[in-house]
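Next up, data.cif (mmCIF, C-alpha atoms (C1' of nucleotides)):
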```cif
data_data
#
loop_
_atom_site.label_atom_id
_atom_site.label_comp_id
_atom_site.auth_asym_id
_atom_site.auth_seq_id
_atom_site.Cartn_x
_atom_site.Cartn_y
_atom_site.Cartn_z
CA MET A 1 88.91 68.86 -199.02
CA LYS A 2 85.92 69.99 -197.01
CA LEU A 3 82.46 68.42 -197.37
CA ALA A 4 79.30 69.61 -195.66
CA THR A 5 75.58 68.90 -195.44
CA TRP A 6 72.75 71.18 -194.34
CA ASN A 7 68.98 70.79 -194.25
CA VAL A 8 68.02 74.40 -194.97
CA ASN A 9 64.23 74.09 -194.63
CA SER A 10 63.47 76.21 -197.71
CA LEU A 11 66.29 77.52 -199.86
CA GLY A 12 64.07 80.45 -200.83
CA VAL A 13 64.10 81.68 -197.25
CA ARG A 14 67.63 80.58 -196.40
CA LEU A 15 69.54 81.57 -199.56
CA PRO A 16 71.25 84.59 -197.96
CA GLN A 17 72.43 82.41 -195.09
CA VAL A 18 73.65 79.71 -197.47
CA LEU A 19 75.62 82.22 -199.56
CA ALA A 20 77.16 83.76 -196.44
CA TRP A 21 78.06 80.33 -195.10
CA LEU A 22 79.70 79.33 -198.40
CA GLU A 23 81.77 82.51 -198.39
CA ALA A 24 82.85 82.03 -194.80
CA HIS A 25 83.70 78.32 -194.99
CA ARG A 26 84.46 77.68 -198.67
CA PRO A 27 83.57 73.96 -198.62
CA ASP A 28 84.37 71.93 -201.74
CA VAL A 29 80.87 70.46 -201.53
CA LEU A 30 77.72 71.51 -199.70
CA ALA A 31 74.75 69.12 -199.86
CA LEU A 32 71.35 70.71 -199.23
CA GLN A 33 68.05 69.15 -198.22
CA GLU A 34 64.49 70.51 -198.07
CA THR A 35 65.15 73.18 -200.67
CA LYS A 36 61.36 73.25 -201.33
CA MET A 37 62.12 74.94 -204.63
CA VAL A 38 61.27 74.02 -208.22
CA ASP A 39 64.25 73.71 -210.55
CA GLU A 40 63.24 76.78 -212.57
CA ARG A 41 63.83 78.96 -209.52
CA PHE A 42 67.13 77.41 -208.45
CA PRO A 43 69.67 80.25 -207.77
CA VAL A 44 72.24 79.15 -210.35
CA GLN A 45 73.53 82.68 -210.93
CA ALA A 46 74.01 83.67 -207.28
CA LEU A 47 75.95 80.46 -206.66
CA ALA A 48 78.06 80.87 -209.80
CA GLU A 49 79.11 84.29 -208.55
CA LEU A 50 80.66 82.55 -205.55
CA GLY A 51 82.30 79.95 -207.77
CA TYR A 52 79.85 77.11 -207.18
CA THR A 53 78.18 74.81 -209.65
CA ALA A 54 75.10 72.82 -208.69
CA ALA A 55 73.17 69.63 -209.33
CA TYR A 56 69.61 69.80 -208.04
CA ALA A 57 66.26 68.08 -207.98
CA GLY A 58 63.47 70.18 -206.59
CA GLN A 59 59.72 70.21 -206.17
CA LYS A 60 57.16 72.64 -204.87
CA THR A 61 56.51 72.94 -201.12
CA TYR A 62 58.20 69.73 -199.99
CA ASN A 63 61.55 67.94 -200.17
CA GLY A 64 64.12 69.01 -202.78
CA VAL A 65 67.87 68.31 -202.70
CA ALA A 66 70.99 69.86 -204.20
CA ILE A 67 74.74 69.42 -204.39
CA LEU A 68 76.80 72.63 -204.57
CA ALA A 69 80.43 72.23 -205.59
CA ARG A 70 83.57 74.21 -206.43
CA GLY A 71 84.15 72.38 -209.68
CA PRO A 72 82.35 70.47 -212.40
CA LEU A 73 79.80 67.86 -211.32
CA GLU A 74 79.67 64.75 -213.47
CA ALA A 75 77.48 61.64 -213.69
CA VAL A 76 74.53 63.42 -212.06
CA ARG A 77 71.69 61.12 -211.05
CA VAL A 78 68.37 61.93 -209.44
CA GLY A 79 66.49 59.40 -207.33
CA ILE A 80 67.17 55.81 -206.36
CA PRO A 81 67.23 53.39 -209.32
CA GLY A 82 64.21 51.14 -209.37
CA LEU A 83 62.33 53.08 -206.68
CA GLU A 84 59.15 54.71 -207.91
CA ASP A 85 59.10 57.99 -205.97
CA GLU A 86 57.66 61.37 -206.87
CA GLN A 87 59.42 62.91 -203.89
CA ARG A 88 62.72 64.60 -204.69
CA ARG A 89 64.99 63.18 -202.00
CA VAL A 90 68.16 62.03 -203.77
CA VAL A 91 70.76 63.62 -205.99
CA ALA A 92 74.21 62.20 -206.70
CA ALA A 93 77.19 63.50 -208.64
CA THR A 94 80.93 62.95 -209.02
CA LEU A 95 83.45 65.70 -208.27
CA GLY A 96 87.12 65.08 -208.97
CA GLY A 97 86.76 61.33 -208.54
CA VAL A 98 84.73 61.57 -205.33
CA ARG A 99 81.19 60.20 -205.57
CA VAL A 100 78.85 62.48 -203.63
CA ILE A 101 75.36 61.28 -202.69
CA CYS A 102 72.91 63.68 -201.05
CA LEU A 103 69.95 62.11 -199.21
CA TYR A 104 66.84 63.48 -197.59
CA VAL A 105 65.48 60.41 -195.83
CA PRO A 106 61.70 60.46 -195.17
CA ASN A 107 60.74 61.65 -191.72
CA GLY A 108 58.38 58.78 -190.94
CA GLN A 109 55.94 60.95 -188.96
CA ALA A 110 54.94 58.31 -186.39
CA VAL A 111 55.94 54.73 -185.68
CA GLY A 112 53.53 52.37 -187.44
CA SER A 113 52.11 55.00 -189.79
CA GLU A 114 51.98 54.74 -193.57
CA LYS A 115 54.82 57.27 -193.76
CA TYR A 116 56.87 55.18 -191.35
CA ARG A 117 56.49 52.13 -193.60
CA TYR A 118 57.49 54.29 -196.57
CA LYS A 119 60.58 55.42 -194.66
CA LEU A 120 61.71 51.87 -193.93
CA ALA A 121 61.06 50.70 -197.50
CA TRP A 122 62.89 53.76 -198.79
CA LEU A 123 65.91 53.04 -196.59
CA ASP A 124 65.95 49.45 -197.80
CA ALA A 125 66.01 50.59 -201.43
CA ALA A 126 68.72 53.12 -200.59
CA ARG A 127 70.84 50.41 -198.98
CA ALA A 128 70.67 48.20 -202.07
CA TRP A 129 71.65 51.09 -204.33
CA LEU A 130 74.45 52.30 -202.04
CA GLU A 131 75.94 48.82 -201.98
CA ALA A 132 76.34 49.04 -205.76
CA GLU A 133 77.63 52.63 -205.60
CA LEU A 134 80.23 51.61 -203.03
CA ALA A 135 81.40 48.80 -205.26
CA ALA A 136 81.76 51.24 -208.15
CA HIS A 137 83.41 54.17 -206.33
CA GLU A 138 86.34 53.83 -203.96
CA ARG A 139 85.96 57.38 -202.66
CA LEU A 140 82.32 57.92 -201.77
CA VAL A 141 80.35 60.04 -199.30
CA VAL A 142 76.66 59.70 -198.48
CA MET A 143 75.51 62.78 -196.64
CA GLY A 144 72.29 64.43 -195.70
CA ASP A 145 69.35 64.41 -193.34
CA PHE A 146 68.93 60.75 -192.39
CA ASN A 147 66.11 61.41 -189.94
CA VAL A 148 67.61 58.78 -187.63
CA ALA A 149 69.50 59.38 -184.40
CA PRO A 150 71.74 56.31 -184.49
CA GLU A 151 72.33 55.86 -180.75
CA ASP A 152 71.03 57.14 -177.43
CA ARG A 153 74.05 59.42 -177.13
CA ASP A 154 72.70 61.22 -180.21
CA VAL A 155 69.51 62.15 -178.30
CA HIS A 156 69.21 64.86 -175.66
CA ASP A 157 66.67 62.91 -173.61
CA PRO A 158 66.69 59.23 -174.61
CA ARG A 159 64.01 58.31 -172.08
CA ARG A 160 61.52 60.80 -173.46
CA TRP A 161 62.32 59.79 -177.04
CA ALA A 162 62.39 56.03 -176.46
CA GLY A 163 60.51 54.17 -179.19
CA GLN A 164 59.54 57.36 -181.02
CA VAL A 165 60.04 58.06 -184.69
CA LEU A 166 63.68 59.02 -185.46
CA VAL A 167 65.01 56.73 -182.73
CA SER A 168 62.91 53.54 -182.98
CA ALA A 169 64.70 50.21 -183.21
CA PRO A 170 63.70 49.44 -186.83
CA GLU A 171 64.95 52.85 -187.98
CA ARG A 172 68.23 52.39 -186.13
CA ALA A 173 68.57 48.90 -187.60
CA ALA A 174 68.03 50.33 -191.09
CA PHE A 175 70.72 52.92 -190.41
CA ARG A 176 73.09 50.21 -189.21
CA THR A 177 72.64 48.29 -192.46
CA LEU A 178 74.27 51.29 -194.15
CA LEU A 179 77.23 51.06 -191.79
CA ASP A 180 77.33 47.31 -192.43
CA LEU A 181 78.05 48.08 -196.09
CA GLY A 182 81.37 49.44 -194.89
CA LEU A 183 80.38 53.09 -194.58
CA ARG A 184 81.67 54.97 -191.53
CA ASP A 185 79.90 57.74 -189.62
CA ALA A 186 82.52 60.49 -190.04
CA PHE A 187 81.48 62.15 -186.79
CA ARG A 188 82.22 58.98 -184.83
CA LEU A 189 85.66 58.53 -186.33
CA PHE A 190 86.81 60.94 -183.64
CA GLU A 191 86.51 61.52 -179.94
CA GLN A 192 83.71 64.03 -179.60
CA PRO A 193 82.32 66.10 -176.78
CA GLY A 194 78.98 64.93 -175.39
CA GLN A 195 75.59 66.28 -176.38
CA VAL A 196 76.40 67.30 -179.94
CA TYR A 197 73.27 67.53 -182.09
CA SER A 198 72.37 68.73 -185.57
CA TRP A 199 68.66 69.49 -185.16
CA TRP A 200 66.67 71.34 -182.52
CA ASN A 201 62.95 72.00 -182.54
CA TYR A 202 61.81 75.52 -183.28
CA GLY A 203 60.56 77.46 -180.32
CA ALA A 204 60.43 76.81 -176.61
CA LEU A 205 64.13 77.63 -176.32
CA ALA A 206 65.00 74.12 -177.50
CA PHE A 207 68.23 75.34 -179.08
CA ARG A 208 69.29 77.41 -176.08
CA ARG A 209 68.62 74.40 -173.88
CA ASN A 210 70.37 72.13 -176.40
CA TRP A 211 67.37 69.83 -176.60
CA GLY A 212 68.39 68.26 -179.90
CA LEU A 213 69.04 65.16 -181.96
CA ARG A 214 71.96 64.21 -184.18
CA ILE A 215 70.18 63.15 -187.37
CA ASP A 216 72.32 64.74 -190.09
CA HIS A 217 75.29 62.62 -191.07
CA LEU A 218 78.23 62.12 -193.41
CA LEU A 219 78.87 58.44 -194.11
CA VAL A 220 82.19 57.80 -195.84
CA SER A 221 83.76 54.87 -197.68
CA PRO A 222 86.87 53.28 -196.12
CA ALA A 223 89.20 55.16 -198.49
CA LEU A 224 87.68 58.51 -197.47
CA ALA A 225 87.52 57.54 -193.80
CA ALA A 226 91.27 56.99 -193.89
CA LYS A 227 91.70 60.58 -195.07
CA CYS A 228 89.18 62.18 -192.71
CA ARG A 229 90.83 64.66 -190.32
CA ALA A 230 87.84 66.09 -188.45
CA CYS A 231 84.05 66.21 -188.35
CA TRP A 232 81.93 68.73 -186.50
CA VAL A 233 78.57 70.46 -186.30
CA ASP A 234 78.59 74.20 -186.99
CA ARG A 235 76.00 75.46 -184.52
CA ALA A 236 76.40 79.12 -185.48
CA PRO A 237 73.73 79.29 -188.22
CA ARG A 238 71.15 77.79 -185.87
CA ALA A 239 71.46 80.96 -183.76
CA HIS A 240 70.75 83.32 -186.68
CA GLU A 241 67.56 85.27 -187.24
CA ARG A 242 65.07 83.02 -189.06
CA PRO A 243 67.27 79.92 -188.83
CA SER A 244 66.77 76.50 -190.29
CA ASP A 245 65.97 74.02 -187.55
CA HIS A 246 69.08 72.05 -188.65
CA ALA A 247 72.73 73.07 -188.43
CA PRO A 248 75.42 72.22 -191.00
CA VAL A 249 77.65 69.19 -190.42
CA VAL A 250 81.17 69.47 -191.85
CA ALA A 251 84.00 67.01 -192.47
CA GLU A 252 87.55 67.80 -193.48
CA PHE A 253 89.88 65.47 -195.38
CA GLY A 254 93.60 65.33 -196.12
CA SER A 255 94.86 64.87 -199.66
"C1'" DA B 1 56.63 70.37 -176.20
"C1'" DT B 2 52.74 65.29 -175.14
"C1'" DG B 3 55.30 71.54 -180.46
"C1'" DG B 4 55.06 76.35 -177.15
"C1'" DC B 5 57.57 77.09 -184.09
"C1'" DT B 6 58.23 77.51 -189.19
"C1'" DT B 7 57.41 76.60 -193.93
"C1'" DA B 8 54.40 76.73 -198.23
"C1'" DC B 9 50.07 77.31 -200.32
"C1'" DA B 10 46.68 80.32 -200.85
"C1'" DA B 11 43.09 79.88 -196.97
"C1'" DC B 12 42.14 84.01 -193.17
"C1'" DG B 13 43.35 77.65 -192.17
"C1'" DT B 14 45.80 73.20 -193.20
"C1'" DA B 15 49.57 69.85 -193.77
"C1'" DA B 16 53.97 68.69 -192.64
"C1'" DG B 17 58.20 68.67 -190.44
"C1'" DA B 18 61.31 65.95 -186.53
#
```
Could I get this file's structure written as structure tokens?
Amino acid sequence: MKLATWNVNSLGVRLPQVLAWLEAHRPDVLALQETKMVDERFPVQALAELGYTAAYAGQKTYNGVAILARGPLEAVRVGIPGLEDEQRRVVAATLGGVRVICLYVPNGQAVGSEKYRYKLAWLDAARAWLEAELAAHERLVVMGDFNVAPEDRDVHDPRRWAGQVLVSAPERAAFRTLLDLGLRDAFRLFEQPGQVYSWWNYGALAFRRNWGLRIDHLLVSPALAAKCRACWVDRAPRAHERPSDHAPVVAEFGS
DNA sequence: ATGGCTTACAACGTAAGA
């Protein structure tokens, strides 16, 4: 089983790249964030031609999430229970007994801002919900754009980023509360080379210089962690023409 | 990059991203 997550920064622009990536890698599940696409325009047909079904929750201009899967998606849920939120940032579904949760965590904009407070409140609501989901589903993955670089080794220049949004102590503490539920960062289940990131700013040769952050994650329940064989970032799409600023993160599991 | 870029929306510029 292969699971992947990718913030595509507009599915309308990136659809050809997504279809090509699905054909090349054939993941069982691909979670998408920032589709920026209303549900009426979702490319159901193009995905079906490649053998993928989809659960999606979109909106115009901002946010939007989707789960693409090679098989039927059941128990689809949109949003976090009990959290009043117009922003489409969460979709969950079950595939073959595996609970798949796709998150697009708020960016937070700047430490101390209104959006930063929203981010922290949002993460707190997500934690409470994920605790219940973990209790209900032995095999569970939470994947997406968390907009948090968990540790300094996930940051190309920790001194420059110190205290900034995406790395600030309260954001990292909120991320750790997810790990404290028993979820494991699939990437850190393995020895990894240094300086592996999943996002690089557009322009200024940031990608070529590898000035990035690792903010896209797959968090897995203990039962899935035991089956995880590898986790990596696929940097190739970031080098395409008109790339997303994020690269896909992939994890592979034994049976 | 202390964004030098990219997206969407619908201006001929703004908001937002991370």
Which chain B residues have any atom within 9 Å of an atom of chain A, and for each, what is the nearest pair of atoms with distance in Å to one decimal, counting only C-alpha atoms (C1' of nucleotides), rows sorted by chain and number, as a tab-separated table?
```
residue	atom	partner	partner_atom	distance
B:DA1	C1'	A:Ala204	CA	7.5
B:DG3	C1'	A:Gly203	CA	7.9
B:DG4	C1'	A:Ala204	CA	5.4
B:DC5	C1'	A:Tyr202	CA	4.6
B:DT6	C1'	A:Tyr202	CA	7.2
B:DT7	C1'	A:Ser10	CA	7.2
B:DA8	C1'	A:Thr61	CA	5.2
B:DC9	C1'	A:Thr61	CA	7.8
B:DA16	C1'	A:Tyr62	CA	8.5
B:DG17	C1'	A:Asn107	CA	7.6
B:DA18	C1'	A:Asn107	CA	6.8
```
Discussion item. Neighbouring residues of stretch 173-188 of chain A were defined as those with any atom within 10 Å, considering only C-alpha atoms (C1' of nucleotides); residues of the same chain fewer than 3 positions away were excluded. Please report them as number ranges by chain.
Written reply: A: 119-124, 126-128, 130-132, 134-135, 140-143, 146-150, 167-170, 191-192, 196, 217-225, 228-233, 249-252
Produce a file of the selected residues containing C-alpha atoms, as a tab-separated table (two decimals), in the coordinates of the input.
```
chain	number	residue	atom	x	y	z
A	119	LYS	CA	60.58	55.42	-194.66
A	120	LEU	CA	61.71	51.87	-193.93
A	121	ALA	CA	61.06	50.70	-197.50
A	122	TRP	CA	62.89	53.76	-198.79
A	123	LEU	CA	65.91	53.04	-196.59
A	124	ASP	CA	65.95	49.45	-197.80
A	126	ALA	CA	68.72	53.12	-200.59
A	127	ARG	CA	70.84	50.41	-198.98
A	128	ALA	CA	70.67	48.20	-202.07
A	130	LEU	CA	74.45	52.30	-202.04
A	131	GLU	CA	75.94	48.82	-201.98
A	132	ALA	CA	76.34	49.04	-205.76
A	134	LEU	CA	80.23	51.61	-203.03
A	135	ALA	CA	81.40	48.80	-205.26
A	140	LEU	CA	82.32	57.92	-201.77
A	141	VAL	CA	80.35	60.04	-199.30
A	142	VAL	CA	76.66	59.70	-198.48
A	143	MET	CA	75.51	62.78	-196.64
A	146	PHE	CA	68.93	60.75	-192.39
A	147	ASN	CA	66.11	61.41	-189.94
A	148	VAL	CA	67.61	58.78	-187.63
A	149	ALA	CA	69.50	59.38	-184.40
A	150	PRO	CA	71.74	56.31	-184.49
A	167	VAL	CA	65.01	56.73	-182.73
A	168	SER	CA	62.91	53.54	-182.98
A	169	ALA	CA	64.70	50.21	-183.21
A	170	PRO	CA	63.70	49.44	-186.83
A	191	GLU	CA	86.51	61.52	-179.94
A	192	GLN	CA	83.71	64.03	-179.60
A	196	VAL	CA	76.40	67.30	-179.94
A	217	HIS	CA	75.29	62.62	-191.07
A	218	LEU	CA	78.23	62.12	-193.41
A	219	LEU	CA	78.87	58.44	-194.11
A	220	VAL	CA	82.19	57.80	-195.84
A	221	SER	CA	83.76	54.87	-197.68
A	222	PRO	CA	86.87	53.28	-196.12
A	223	ALA	CA	89.20	55.16	-198.49
A	224	LEU	CA	87.68	58.51	-197.47
A	225	ALA	CA	87.52	57.54	-193.80
A	228	CYS	CA	89.18	62.18	-192.71
A	229	ARG	CA	90.83	64.66	-190.32
A	230	ALA	CA	87.84	66.09	-188.45
A	231	CYS	CA	84.05	66.21	-188.35
A	232	TRP	CA	81.93	68.73	-186.50
A	233	VAL	CA	78.57	70.46	-186.30
A	249	VAL	CA	77.65	69.19	-190.42
A	250	VAL	CA	81.17	69.47	-191.85
A	251	ALA	CA	84.00	67.01	-192.47
A	252	GLU	CA	87.55	67.80	-193.48
```
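Considering the residues A:Asp39, A:Val78, A:Glu23, A:Asp157 and counting only C-alpha atoms, A:Gly51 has its shortest atom-to-atom contact with A:Glu23.
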Q) Separation of atom CA of A:Gln33 and atom CA of A:Arg139, in Å? A)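 Separating atom CA of A:Gln33 from atom CA of A:Arg139 is a distance of 21.9 Å.
Taking atom CA of A:Arg89 and atom CA of A:Leu15 as endpoints, the distance between them is 19.1 Å.
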- Separation of atom CA of A:Val65 and atom CA of A:Glu40, in Å?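 Separation of atom CA of A:Val65 and atom CA of A:Glu40: 13.8 Å.
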Problem - Result set, the PyMOL selection byres ((chain A and resi 25-31) around 7) on current file, as a list of chain:residue names - result: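 Expected selection for the PyMOL selection byres ((chain A and resi 25-31) around 7) here is A:Met1, A:Lys2, A:Leu3, A:Ala4, A:Thr5, A:Trp6, A:Trp21, A:Leu22, A:Glu23, A:Ala24, A:Leu32, A:Gln33, A:Ala66, A:Ile67, A:Leu68, A:Ala69, A:Arg70, A:Cys102, A:Gly144.
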